[in-house]
Amino acid sequence: APVPPPAVARPRTGRVHAPVHVGTAPPGIDSHRWRDLRRGRTRPERTLDLHGRRAQDAYHAVRSFLLSAHADGVRCVAVVTGKGPMPEGGVLRREFPHWLNAPDLRHLVLGAAYPHVANQGAVHLLLRRRRDI
């Protein structure tokens, strides 16, 4: 009987997404949608308030919130981190961009912006469309 050839591990051909930077226009979004998100005209369908949470609890809350919103087909959400002590901001505000770029969340987020220049304690996120395969 012929011997089948050994299985060769194939590399994943998944998309590589550019890192998310809060307040910077990402590739793959048109200028009108970005302007509306940045100016707060795109209304969030859900909001998560992280006030009073510790960093570990806040990360898990953000993770489950984004996974749930994406699964439900929500396109825009708001996450309130709070400003924290100025000028550097609080722990949650500093860590939030790192959480968005974690491998398990990066593929969900298309863009992130502060909806108002004077209020940098809340971030509006534009989520990618859900692709059913």
# chains A, B, ... in the order shown; residues from 1 in each chain; ligands from 1
>>> select_by_dssp(residues="range 1-113 of chain A", states="alpha helix (DSSP H)", output="PyMOL selection string")
chain A and resi 31-38+55-71+91-100
>>> residues_around(residues="Val123 in chain A", least_positions_apart="3", cutoff="6 Å", atoms="only C-alpha atoms", output="JSON, numbers by chain")
{"A": [78, 79, 113, 114]}
>>> residues_around(residues="Glu95 in chain A", least_positions_apart="6", cutoff="10 Å", atoms="only C-alpha atoms", output="short mmCIF file (atom, residue, chain, number, x, y, z; two decimals) with all heavy atoms, in the first residue's frame")
data_model
loop_
_atom_site.label_atom_id
_atom_site.label_comp_id
_atom_site.auth_asym_id
_atom_site.auth_seq_id
_atom_site.Cartn_x
_atom_site.Cartn_y
_atom_site.Cartn_z
N ALA A 55 -6.85 47.23 37.88
CA ALA A 55 -6.40 47.00 36.50
C ALA A 55 -6.76 45.60 36.01
O ALA A 55 -7.24 45.43 34.88
CB ALA A 55 -4.91 47.24 36.39
N ALA A 58 -10.47 45.34 35.47
CA ALA A 58 -10.85 46.20 34.35
C ALA A 58 -10.49 45.54 33.02
O ALA A 58 -11.28 45.59 32.07
CB ALA A 58 -10.16 47.55 34.46
N TYR A 59 -9.32 44.90 32.95
CA TYR A 59 -8.93 44.22 31.71
C TYR A 59 -9.93 43.12 31.36
O TYR A 59 -10.37 43.00 30.21
CB TYR A 59 -7.53 43.62 31.83
CG TYR A 59 -7.21 42.70 30.68
CD1 TYR A 59 -6.95 43.22 29.42
CD2 TYR A 59 -7.22 41.33 30.84
CE1 TYR A 59 -6.70 42.39 28.34
CE2 TYR A 59 -6.96 40.48 29.77
CZ TYR A 59 -6.69 41.01 28.53
OH TYR A 59 -6.45 40.19 27.47
N THR A 81 -12.59 55.20 31.04
CA THR A 81 -11.46 54.83 31.89
C THR A 81 -11.25 55.84 33.00
O THR A 81 -10.66 55.53 34.02
CB THR A 81 -10.16 54.75 31.08
OG1 THR A 81 -9.90 56.02 30.49
CG2 THR A 81 -10.25 53.68 30.01
#
>>> atom_distance(atom1="CA of Arg35 in chain A", atom2="CA of Gly23 in chain A")
10.5 Å
>>> select_by_dssp(residues="range 5-67 of chain A", states="strand (DSSP E)", output="PyMOL selection string")
chain A and resi 46-49
>>> residues_around(residues="His70 in chain A", least_positions_apart="3", cutoff="8 Å", atoms="only C-alpha atoms", output="list in words")
Leu66, Leu67, Gly73, Val74, Arg75, Leu108, Leu127, Arg128, Arg129 and Arg130 of chain A
>>> write_last_selection(atoms="C-alpha atoms", output="short mmCIF file (atom, residue, chain, number, x, y, z; two decimals), in the first residue's frame")
data_model
loop_
_atom_site.label_atom_id
_atom_site.label_comp_id
_atom_site.auth_asym_id
_atom_site.auth_seq_id
_atom_site.Cartn_x
_atom_site.Cartn_y
_atom_site.Cartn_z
CA LEU A 66 -15.72 43.80 23.54
CA LEU A 67 -16.18 40.10 22.76
CA GLY A 73 -22.89 42.92 15.85
CA VAL A 74 -22.43 46.23 17.67
CA ARG A 75 -20.26 48.68 15.71
CA LEU A 108 -12.01 43.23 16.92
CA LEU A 127 -15.50 47.63 16.06
CA ARG A 128 -14.95 45.60 12.92
CA ARG A 129 -17.92 44.05 11.20
CA ARG A 130 -18.67 40.52 12.24
#
>>> residues_around(residues="Leu110 in chain A", least_positions_apart="2", cutoff="8 Å", atoms="only C-alpha atoms", output="list in words")
Val20, Pro26, Gly28, Ile29, His107, Leu108, Ala112, Leu125, Leu126, Leu127 and Arg128 of chain A
>>> decode(residues="range 24-37 of chain A", atoms="all heavy atoms", output="mmCIF file, in the first residue's frame")
data_model
loop_
_atom_site.group_PDB
_atom_site.id
_atom_site.type_symbol
_atom_site.label_atom_id
_atom_site.label_comp_id
_atom_site.auth_asym_id
_atom_site.auth_seq_id
_atom_site.Cartn_x
_atom_site.Cartn_y
_atom_site.Cartn_z
ATOM 1 N N THR A 24 -5.531 58.258 16.578
ATOM 2 C CA THR A 24 -4.840 58.223 15.294
ATOM 3 C C THR A 24 -5.685 57.435 14.307
ATOM 4 O O THR A 24 -6.133 56.331 14.607
ATOM 5 C CB THR A 24 -3.462 57.543 15.426
ATOM 6 O OG1 THR A 24 -2.710 58.243 16.415
ATOM 7 C CG2 THR A 24 -2.718 57.562 14.117
ATOM 8 N N ALA A 25 -5.887 58.000 13.126
ATOM 9 C CA ALA A 25 -6.709 57.339 12.110
ATOM 10 C C ALA A 25 -6.058 56.034 11.668
ATOM 11 O O ALA A 25 -4.894 56.026 11.276
ATOM 12 C CB ALA A 25 -6.902 58.258 10.911
ATOM 13 N N PRO A 26 -6.784 54.939 11.734
ATOM 14 C CA PRO A 26 -6.234 53.651 11.323
ATOM 15 C C PRO A 26 -6.365 53.454 9.815
ATOM 16 O O PRO A 26 -7.215 54.090 9.177
ATOM 17 C CB PRO A 26 -7.113 52.654 12.063
ATOM 18 C CG PRO A 26 -8.432 53.342 12.146
ATOM 19 C CD PRO A 26 -8.112 54.808 12.305
ATOM 20 N N PRO A 27 -5.564 52.575 9.246
ATOM 21 C CA PRO A 27 -5.781 52.248 7.839
ATOM 22 C C PRO A 27 -7.076 51.447 7.692
ATOM 23 O O PRO A 27 -7.472 50.726 8.600
ATOM 24 C CB PRO A 27 -4.561 51.390 7.483
ATOM 25 C CG PRO A 27 -4.061 50.865 8.768
ATOM 26 C CD PRO A 27 -4.430 51.868 9.816
ATOM 27 N N GLY A 28 -7.758 51.613 6.592
ATOM 28 C CA GLY A 28 -8.977 50.855 6.349
ATOM 29 C C GLY A 28 -10.247 51.550 6.794
ATOM 30 O O GLY A 28 -11.312 50.940 6.829
ATOM 31 N N ILE A 29 -10.174 52.816 7.140
ATOM 32 C CA ILE A 29 -11.372 53.556 7.532
ATOM 33 C C ILE A 29 -11.409 54.842 6.712
ATOM 34 O O ILE A 29 -10.381 55.500 6.520
ATOM 35 C CB ILE A 29 -11.376 53.845 9.049
ATOM 36 C CG1 ILE A 29 -12.696 54.461 9.489
ATOM 37 C CG2 ILE A 29 -10.233 54.723 9.448
ATOM 38 C CD1 ILE A 29 -12.853 54.554 10.989
ATOM 39 N N ASP A 30 -12.585 55.174 6.190
ATOM 40 C CA ASP A 30 -12.679 56.378 5.363
ATOM 41 C C ASP A 30 -12.664 57.630 6.234
ATOM 42 O O ASP A 30 -12.955 57.584 7.429
ATOM 43 C CB ASP A 30 -13.923 56.330 4.479
ATOM 44 C CG ASP A 30 -15.202 56.344 5.274
ATOM 45 O OD1 ASP A 30 -15.591 55.273 5.789
ATOM 46 O OD2 ASP A 30 -15.798 57.423 5.401
ATOM 47 N N SER A 31 -12.316 58.741 5.636
ATOM 48 C CA SER A 31 -12.119 59.987 6.392
ATOM 49 C C SER A 31 -13.404 60.482 7.042
ATOM 50 O O SER A 31 -13.367 61.050 8.139
ATOM 51 C CB SER A 31 -11.530 61.074 5.491
ATOM 52 O OG SER A 31 -12.413 61.352 4.418
ATOM 53 N N HIS A 32 -14.545 60.279 6.415
ATOM 54 C CA HIS A 32 -15.811 60.741 6.995
ATOM 55 C C HIS A 32 -16.161 59.958 8.260
ATOM 56 O O HIS A 32 -16.556 60.545 9.262
ATOM 57 C CB HIS A 32 -16.955 60.608 5.983
ATOM 58 C CG HIS A 32 -16.762 61.456 4.775
ATOM 59 N ND1 HIS A 32 -16.847 62.830 4.803
ATOM 60 C CD2 HIS A 32 -16.450 61.118 3.502
ATOM 61 C CE1 HIS A 32 -16.609 63.306 3.602
ATOM 62 N NE2 HIS A 32 -16.360 62.286 2.786
ATOM 63 N N ARG A 33 -16.011 58.649 8.200
ATOM 64 C CA ARG A 33 -16.304 57.828 9.384
ATOM 65 C C ARG A 33 -15.344 58.159 10.516
ATOM 66 O O ARG A 33 -15.715 58.232 11.682
ATOM 67 C CB ARG A 33 -16.241 56.338 9.055
ATOM 68 C CG ARG A 33 -16.649 55.485 10.244
ATOM 69 C CD ARG A 33 -16.808 54.055 9.867
ATOM 70 N NE ARG A 33 -17.906 53.874 8.950
ATOM 71 C CZ ARG A 33 -19.108 53.398 9.314
ATOM 72 N NH1 ARG A 33 -19.324 53.059 10.548
ATOM 73 N NH2 ARG A 33 -20.065 53.253 8.436
ATOM 74 N N TRP A 34 -14.054 58.355 10.193
ATOM 75 C CA TRP A 34 -13.068 58.688 11.218
ATOM 76 C C TRP A 34 -13.378 60.039 11.847
ATOM 77 O O TRP A 34 -13.323 60.197 13.054
ATOM 78 C CB TRP A 34 -11.655 58.667 10.635
ATOM 79 C CG TRP A 34 -10.652 59.144 11.633
ATOM 80 C CD1 TRP A 34 -9.922 60.289 11.588
ATOM 81 C CD2 TRP A 34 -10.285 58.495 12.860
ATOM 82 N NE1 TRP A 34 -9.132 60.394 12.696
ATOM 83 C CE2 TRP A 34 -9.339 59.316 13.493
ATOM 84 C CE3 TRP A 34 -10.678 57.319 13.474
ATOM 85 C CZ2 TRP A 34 -8.763 58.982 14.707
ATOM 86 C CZ3 TRP A 34 -10.113 57.000 14.696
ATOM 87 C CH2 TRP A 34 -9.169 57.824 15.298
ATOM 88 N N ARG A 35 -13.728 61.026 11.023
ATOM 89 C CA ARG A 35 -14.053 62.358 11.545
ATOM 90 C C ARG A 35 -15.255 62.282 12.468
ATOM 91 O O ARG A 35 -15.265 62.893 13.542
ATOM 92 C CB ARG A 35 -14.302 63.331 10.391
ATOM 93 C CG ARG A 35 -14.542 64.756 10.873
ATOM 94 C CD ARG A 35 -14.760 65.738 9.733
ATOM 95 N NE ARG A 35 -15.882 65.315 8.904
ATOM 96 C CZ ARG A 35 -15.817 65.147 7.590
ATOM 97 N NH1 ARG A 35 -14.695 65.360 6.942
ATOM 98 N NH2 ARG A 35 -16.874 64.771 6.913
ATOM 99 N N ASP A 36 -16.289 61.521 12.080
ATOM 100 C CA ASP A 36 -17.473 61.386 12.930
ATOM 101 C C ASP A 36 -17.149 60.701 14.250
ATOM 102 O O ASP A 36 -17.648 61.085 15.301
ATOM 103 C CB ASP A 36 -18.566 60.613 12.200
ATOM 104 C CG ASP A 36 -19.204 61.422 11.078
ATOM 105 O OD1 ASP A 36 -18.982 62.649 11.015
ATOM 106 O OD2 ASP A 36 -19.914 60.815 10.253
ATOM 107 N N LEU A 37 -16.299 59.677 14.213
ATOM 108 C CA LEU A 37 -15.900 58.992 15.443
ATOM 109 C C LEU A 37 -15.095 59.924 16.335
ATOM 110 O O LEU A 37 -15.340 60.021 17.538
ATOM 111 C CB LEU A 37 -15.082 57.738 15.119
ATOM 112 C CG LEU A 37 -14.631 56.905 16.313
ATOM 113 C CD1 LEU A 37 -15.829 56.242 16.979
ATOM 114 C CD2 LEU A 37 -13.616 55.868 15.884
#
